[in-house]
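File shown: input_25.txt. Contents: compact mmCIF, C-alpha atoms.
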# COMPACT_ATOMS: atom_id res chain seq x y z
CA MET A 219 0.00 0.00 0.00
CA THR A 220 1.36 3.37 -1.03
CA THR A 221 0.39 6.29 1.18
CA THR A 222 3.16 8.90 1.18
CA PHE A 223 1.41 11.72 -0.67
CA GLN A 224 2.63 15.29 -0.40
CA ARG A 225 0.30 18.18 -1.18
CA GLN A 226 1.60 20.58 -3.84
CA ALA A 227 0.90 24.31 -4.17
CA ASP A 228 -1.96 23.59 -6.60
CA GLY A 229 -3.63 21.39 -3.96
CA ILE A 230 -3.23 18.11 -5.84
CA PRO A 231 -1.46 15.41 -3.79
CA VAL A 232 1.68 14.01 -5.44
CA ILE A 233 3.56 10.77 -4.90
CA LEU A 234 6.84 9.52 -6.35
CA LYS A 235 7.02 6.22 -8.24
CA ALA A 236 9.77 4.37 -10.12
CA PRO A 237 8.84 3.51 -13.74
CA SER A 238 9.55 -0.18 -13.01
CA ALA A 239 7.30 -0.30 -9.92
CA THR A 240 3.77 -1.70 -9.74
CA LEU A 241 2.11 -0.24 -6.67
CA ASP A 242 -1.32 0.14 -5.08
CA TYR A 243 -2.69 3.59 -4.29
CA LEU A 244 -5.56 4.10 -1.85
CA GLU A 245 -8.23 6.79 -1.91
CA ASP A 246 -10.29 6.89 1.31
CA TRP A 247 -13.86 8.16 0.82
CA THR A 248 -15.12 6.90 4.21
CA ALA A 249 -15.55 10.32 5.85
CA TRP A 250 -17.27 11.68 2.71
CA LEU A 251 -19.89 8.90 2.48
CA SER A 252 -23.07 9.14 4.57
CA ALA A 253 -23.89 6.43 7.11
CA LEU A 254 -25.73 3.98 4.81
CA GLU A 255 -24.15 5.09 1.53
CA THR A 256 -21.88 2.76 -0.43
CA ILE A 257 -19.72 3.02 -3.52
CA THR A 258 -21.40 1.35 -6.51
CA ALA A 259 -19.01 2.20 -9.37
CA ILE A 260 -15.51 3.55 -9.98
CA THR A 261 -13.97 5.15 -13.06
CA VAL A 262 -10.25 5.93 -13.20
CA SER A 263 -8.63 8.11 -15.84
CA ILE A 264 -4.98 8.99 -16.42
CA ASP A 265 -4.23 12.24 -18.26
CA THR A 266 -1.16 11.07 -20.21
CA GLU A 267 -0.24 7.77 -21.88
CA GLY A 268 2.47 5.63 -20.34
CA LEU A 269 1.15 4.99 -16.85
CA THR A 270 -1.02 1.86 -16.76
CA MET A 271 -3.79 0.81 -14.41
CA THR A 272 -4.02 -2.94 -13.95
CA PRO A 273 -6.06 -4.71 -12.72
CA ALA A 274 -9.36 -2.78 -12.55
CA PRO A 275 -9.83 -0.63 -9.43
CA THR A 276 -11.48 -2.25 -6.42
CA TRP A 277 -13.15 -1.00 -3.26
CA THR A 278 -13.82 -2.25 0.22
CA GLY A 279 -16.21 -0.09 2.19
CA GLY A 280 -15.19 3.47 1.39
CA ILE A 281 -11.60 2.73 0.40
CA VAL A 282 -10.75 2.54 -3.31
CA THR A 283 -7.57 0.76 -4.44
CA VAL A 284 -5.95 1.59 -7.78
CA TRP A 285 -2.92 -0.40 -9.03
CA LEU A 286 -0.52 1.55 -11.28
CA SER A 287 2.52 0.41 -13.25
CA GLY A 288 4.89 1.83 -15.83
CA GLY A 289 5.35 5.48 -16.60
CA ALA A 290 8.26 7.38 -18.12
CA LEU A 291 11.15 8.76 -16.10
CA MET A 292 10.67 12.42 -15.07
CA VAL A 293 7.05 12.53 -16.31
CA GLY A 294 4.12 13.49 -14.11
CA TYR A 295 0.67 11.94 -14.50
CA VAL A 296 -2.65 13.09 -13.06
CA VAL A 297 -4.81 10.16 -11.98
CA SER A 298 -8.51 10.95 -11.43
CA VAL A 299 -10.72 8.58 -9.44
CA GLN A 300 -14.46 9.09 -9.87
CA ILE A 301 -16.98 7.25 -7.72
CA THR A 302 -20.73 6.82 -7.98
CA THR A 303 -22.63 6.01 -4.80
CA SER A 304 -25.81 4.22 -3.82
CA GLN A 305 -27.36 7.67 -3.21
CA GLY A 306 -26.63 8.72 -6.81
CA ARG A 307 -23.82 11.08 -5.84
CA ILE A 308 -20.78 11.36 -8.13
CA ASP A 309 -17.46 12.88 -7.09
CA THR A 310 -13.89 12.88 -8.36
CA ARG A 311 -10.54 13.12 -6.57
CA SER A 312 -7.21 13.44 -8.32
CA PHE A 313 -3.59 12.82 -7.43
CA ARG A 314 -0.34 13.22 -9.33
CA VAL A 315 2.19 10.43 -9.84
CA ARG A 316 5.70 11.64 -10.67
CA CYS A 317 8.04 8.98 -12.08
CA VAL A 318 11.59 9.20 -10.75
CA GLN A 319 14.56 6.88 -10.40
CA ARG A 320 14.44 5.26 -6.95
Show me the file's structure as structure tokens.
Amino acid sequence: MTTTFQRQADGIPVILKAPSATLDYLEDWTAWLSALETITAITVSIDTEGLTMTPAPTWTGGIVTVWLSGGALMVGYVVSVQITTSQGRIDTRSFRVRCVQR
């Protein structure tokens, strides 16, 4: 589990990743969901080619897990995670993955 995000000046959390690494990234929606609300669907998009999501995202309770691999050295990618809930609400959170040599 990868959790060491740092918030940048633009407000988007960023995390460093080696191009050769395949890692899981968690997005916790628990505090945002109402008491009986559940996640019913997830859509993940990546703004630039090269970073790959595999397998499909999963969720347990309010925690979404996205597995990412690949990426090009010194390139930053914005990953957007959109959820739909049992109450019909839709929201998106984004984070940046910056590929560096580790």
- Message: To one decimal place in Å, what is the distance between atom CA of A:Trp277 and atom CA of A:Val315?
- Response: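 Between these atoms lies a distance of 20.2 Å.
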Report, as AutoDock Vina command-line options, the axis-aligned box around all atoms of stretch 306-315 of chain A present in the file, extended by 4 Å on each side; give centre and edge lengths in Å to one decimal place.
--center_x -12.2 --center_y 11.1 --center_z -7.8 --size_x 36.8 --size_y 12.7 --size_z 12.0
- Message: Can you pull out the residues contacting stretch 296-307 of chain A? Cut-off 6 Å, using all atoms listed in the file, and skip same-chain residues under 3 positions away; I want them as a list in words.
- Response: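 Surrounding residues, per the criterion: Glu255, Thr256, Ile257, Thr258, Ala259, Ile260, Thr261, Val262, Ser263, Ile264, Asp265, Thr310, Arg311, Ser312, Phe313 and Arg314 of chain A.
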Could you save the residues just selected, with C-alpha atoms, as a CSV table (one decimal), keeping the file's coordinate frame?
chain,number,residue,atom,x,y,z
A,255,GLU,CA,-24.2,5.1,1.5
A,256,THR,CA,-21.9,2.8,-0.4
A,257,ILE,CA,-19.7,3.0,-3.5
A,258,THR,CA,-21.4,1.4,-6.5
A,259,ALA,CA,-19.0,2.2,-9.4
A,260,ILE,CA,-15.5,3.6,-10.0
A,261,THR,CA,-14.0,5.2,-13.1
A,262,VAL,CA,-10.2,5.9,-13.2
A,263,SER,CA,-8.6,8.1,-15.8
A,264,ILE,CA,-5.0,9.0,-16.4
A,265,ASP,CA,-4.2,12.2,-18.3
A,310,THR,CA,-13.9,12.9,-8.4
A,311,ARG,CA,-10.5,13.1,-6.6
A,312,SER,CA,-7.2,13.4,-8.3
A,313,PHE,CA,-3.6,12.8,-7.4
A,314,ARG,CA,-0.3,13.2,-9.3
- For the atom pair atom CA of A:Ala253 and atom CA of A:Pro275, what is the interatomic distance in Å to one decimal place?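 Separating atom CA of A:Ala253 from atom CA of A:Pro275 is a distance of 22.8 Å.
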- Message: Could you tell me how far atom CA of A:Ala236 sits from atom CA of A:Thr272, in Å to one decimal place?
- Response: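 Atom-to-atom, atom CA of A:Thr272 to atom CA of A:Ala236, that is 16.1 Å.
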- Message: From (14.8, 13.0, -18.6), in the file's coordinates, out to 12 Å: which residues are reached, counting all atoms listed in the file? Answer as an MDAnalysis selection string.
- Response: chainID A and resid 290:294 317:319
- Query: Hey, what's within 9 Å of A:Pro273 if we count all atoms listed in the file and toss same-chain stuff fewer than 3 positions away? As a ChimeraX atom specification, please?
  - Reply: /A:276,284-286
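The residue that comes closest to A:Thr240, out of A:Arg316, A:Tyr295, A:Ser287, A:Leu269 and on the basis of all atoms listed in the file, is A:Ser287.
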- Task: Pick out the residues sitting within 7 Å of A:Thr248, and hand them over as a list of chain:residue names; count only C-alpha atoms, and ignore anything fewer than 3 positions along from it in its own chain.
- Result: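 With the cut-off at 7 Å, the set is A:Leu251, A:Gly280, A:Ile281.
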Can you save stretch 221-253 of chain A of the given block to a file, including N, CA and C atoms and formatted as an mmCIF file, in the first residue's frame?
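Printed below is selection32.cif as written:
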data_model
loop_
_atom_site.group_PDB
_atom_site.id
_atom_site.type_symbol
_atom_site.label_atom_id
_atom_site.label_comp_id
_atom_site.auth_asym_id
_atom_site.auth_seq_id
_atom_site.Cartn_x
_atom_site.Cartn_y
_atom_site.Cartn_z
ATOM 1 N N THR A 221 1.153 5.244 0.505
ATOM 2 C CA THR A 221 0.386 6.292 1.182
ATOM 3 C C THR A 221 1.140 7.593 1.390
ATOM 4 N N THR A 222 2.351 7.726 0.891
ATOM 5 C CA THR A 222 3.157 8.901 1.183
ATOM 6 C C THR A 222 2.920 10.011 0.159
ATOM 7 N N PHE A 223 1.737 10.605 0.213
ATOM 8 C CA PHE A 223 1.411 11.716 -0.671
ATOM 9 C C PHE A 223 1.866 13.014 -0.031
ATOM 10 N N GLN A 224 2.322 13.950 -0.861
ATOM 11 C CA GLN A 224 2.633 15.294 -0.395
ATOM 12 C C GLN A 224 1.748 16.249 -1.178
ATOM 13 N N ARG A 225 1.178 17.228 -0.499
ATOM 14 C CA ARG A 225 0.299 18.183 -1.176
ATOM 15 C C ARG A 225 1.148 19.276 -1.821
ATOM 16 N N GLN A 226 0.884 19.552 -3.094
ATOM 17 C CA GLN A 226 1.597 20.577 -3.842
ATOM 18 C C GLN A 226 0.863 21.913 -3.735
ATOM 19 N N ALA A 227 1.484 22.972 -4.242
ATOM 20 C CA ALA A 227 0.902 24.309 -4.171
ATOM 21 C C ALA A 227 -0.462 24.381 -4.851
ATOM 22 N N ASP A 228 -0.671 23.571 -5.897
ATOM 23 C CA ASP A 228 -1.959 23.585 -6.598
ATOM 24 C C ASP A 228 -3.026 22.761 -5.881
ATOM 25 N N GLY A 229 -2.671 22.144 -4.755
ATOM 26 C CA GLY A 229 -3.625 21.385 -3.960
ATOM 27 C C GLY A 229 -3.736 19.919 -4.313
ATOM 28 N N ILE A 230 -3.146 19.511 -5.437
ATOM 29 C CA ILE A 230 -3.229 18.109 -5.843
ATOM 30 C C ILE A 230 -2.128 17.321 -5.139
ATOM 31 N N PRO A 231 -2.480 16.243 -4.437
ATOM 32 C CA PRO A 231 -1.460 15.413 -3.788
ATOM 33 C C PRO A 231 -0.551 14.771 -4.843
ATOM 34 N N VAL A 232 0.722 14.631 -4.514
ATOM 35 C CA VAL A 232 1.678 14.009 -5.435
ATOM 36 C C VAL A 232 2.432 12.908 -4.705
ATOM 37 N N ILE A 233 2.776 11.874 -5.446
ATOM 38 C CA ILE A 233 3.558 10.774 -4.899
ATOM 39 C C ILE A 233 4.601 10.373 -5.930
ATOM 40 N N LEU A 234 5.769 9.941 -5.462
ATOM 41 C CA LEU A 234 6.844 9.515 -6.354
ATOM 42 C C LEU A 234 6.751 8.020 -6.603
ATOM 43 N N LYS A 235 7.092 7.621 -7.839
ATOM 44 C CA LYS A 235 7.023 6.216 -8.236
ATOM 45 C C LYS A 235 8.126 5.936 -9.238
ATOM 46 N N ALA A 236 8.789 4.800 -9.120
ATOM 47 C CA ALA A 236 9.771 4.369 -10.120
ATOM 48 C C ALA A 236 9.026 3.808 -11.329
ATOM 49 N N PRO A 237 9.512 4.054 -12.551
ATOM 50 C CA PRO A 237 8.843 3.514 -13.735
ATOM 51 C C PRO A 237 8.691 1.991 -13.705
ATOM 52 N N SER A 238 9.604 1.290 -13.053
ATOM 53 C CA SER A 238 9.552 -0.176 -13.013
ATOM 54 C C SER A 238 8.631 -0.723 -11.920
ATOM 55 N N ALA A 239 8.123 0.147 -11.060
ATOM 56 C CA ALA A 239 7.300 -0.296 -9.924
ATOM 57 C C ALA A 239 5.841 -0.514 -10.319
ATOM 58 N N THR A 240 5.225 -1.490 -9.688
ATOM 59 C CA THR A 240 3.774 -1.696 -9.745
ATOM 60 C C THR A 240 3.288 -1.583 -8.310
ATOM 61 N N LEU A 241 2.491 -0.545 -8.043
ATOM 62 C CA LEU A 241 2.106 -0.241 -6.666
ATOM 63 C C LEU A 241 0.618 0.046 -6.556
ATOM 64 N N ASP A 242 0.084 -0.166 -5.345
ATOM 65 C CA ASP A 242 -1.317 0.135 -5.076
ATOM 66 C C ASP A 242 -1.429 1.494 -4.392
ATOM 67 N N TYR A 243 -2.429 2.257 -4.812
ATOM 68 C CA TYR A 243 -2.688 3.592 -4.285
ATOM 69 C C TYR A 243 -4.109 3.611 -3.742
ATOM 70 N N LEU A 244 -4.265 4.115 -2.519
ATOM 71 C CA LEU A 244 -5.563 4.103 -1.847
ATOM 72 C C LEU A 244 -6.169 5.497 -1.815
ATOM 73 N N GLU A 245 -7.467 5.556 -2.037
ATOM 74 C CA GLU A 245 -8.230 6.794 -1.909
ATOM 75 C C GLU A 245 -9.353 6.497 -0.923
ATOM 76 N N ASP A 246 -9.335 7.173 0.232
ATOM 77 C CA ASP A 246 -10.292 6.888 1.310
ATOM 78 C C ASP A 246 -11.461 7.873 1.253
ATOM 79 N N TRP A 247 -12.632 7.369 0.921
ATOM 80 C CA TRP A 247 -13.856 8.161 0.817
ATOM 81 C C TRP A 247 -14.736 8.001 2.055
ATOM 82 N N THR A 248 -14.290 7.264 3.057
ATOM 83 C CA THR A 248 -15.116 6.902 4.208
ATOM 84 C C THR A 248 -15.767 8.109 4.876
ATOM 85 N N ALA A 249 -15.009 9.146 5.157
ATOM 86 C CA ALA A 249 -15.553 10.320 5.846
ATOM 87 C C ALA A 249 -16.541 11.085 4.968
ATOM 88 N N TRP A 250 -16.410 10.970 3.661
ATOM 89 C CA TRP A 250 -17.274 11.683 2.714
ATOM 90 C C TRP A 250 -18.625 10.987 2.553
ATOM 91 N N LEU A 251 -18.659 9.667 2.665
ATOM 92 C CA LEU A 251 -19.894 8.899 2.483
ATOM 93 C C LEU A 251 -20.814 9.056 3.692
ATOM 94 N N SER A 252 -22.125 9.101 3.446
ATOM 95 C CA SER A 252 -23.070 9.145 4.565
ATOM 96 C C SER A 252 -23.182 7.749 5.184
ATOM 97 N N ALA A 253 -23.872 7.653 6.299
ATOM 98 C CA ALA A 253 -23.886 6.431 7.109
ATOM 99 C C ALA A 253 -24.259 5.164 6.337
#
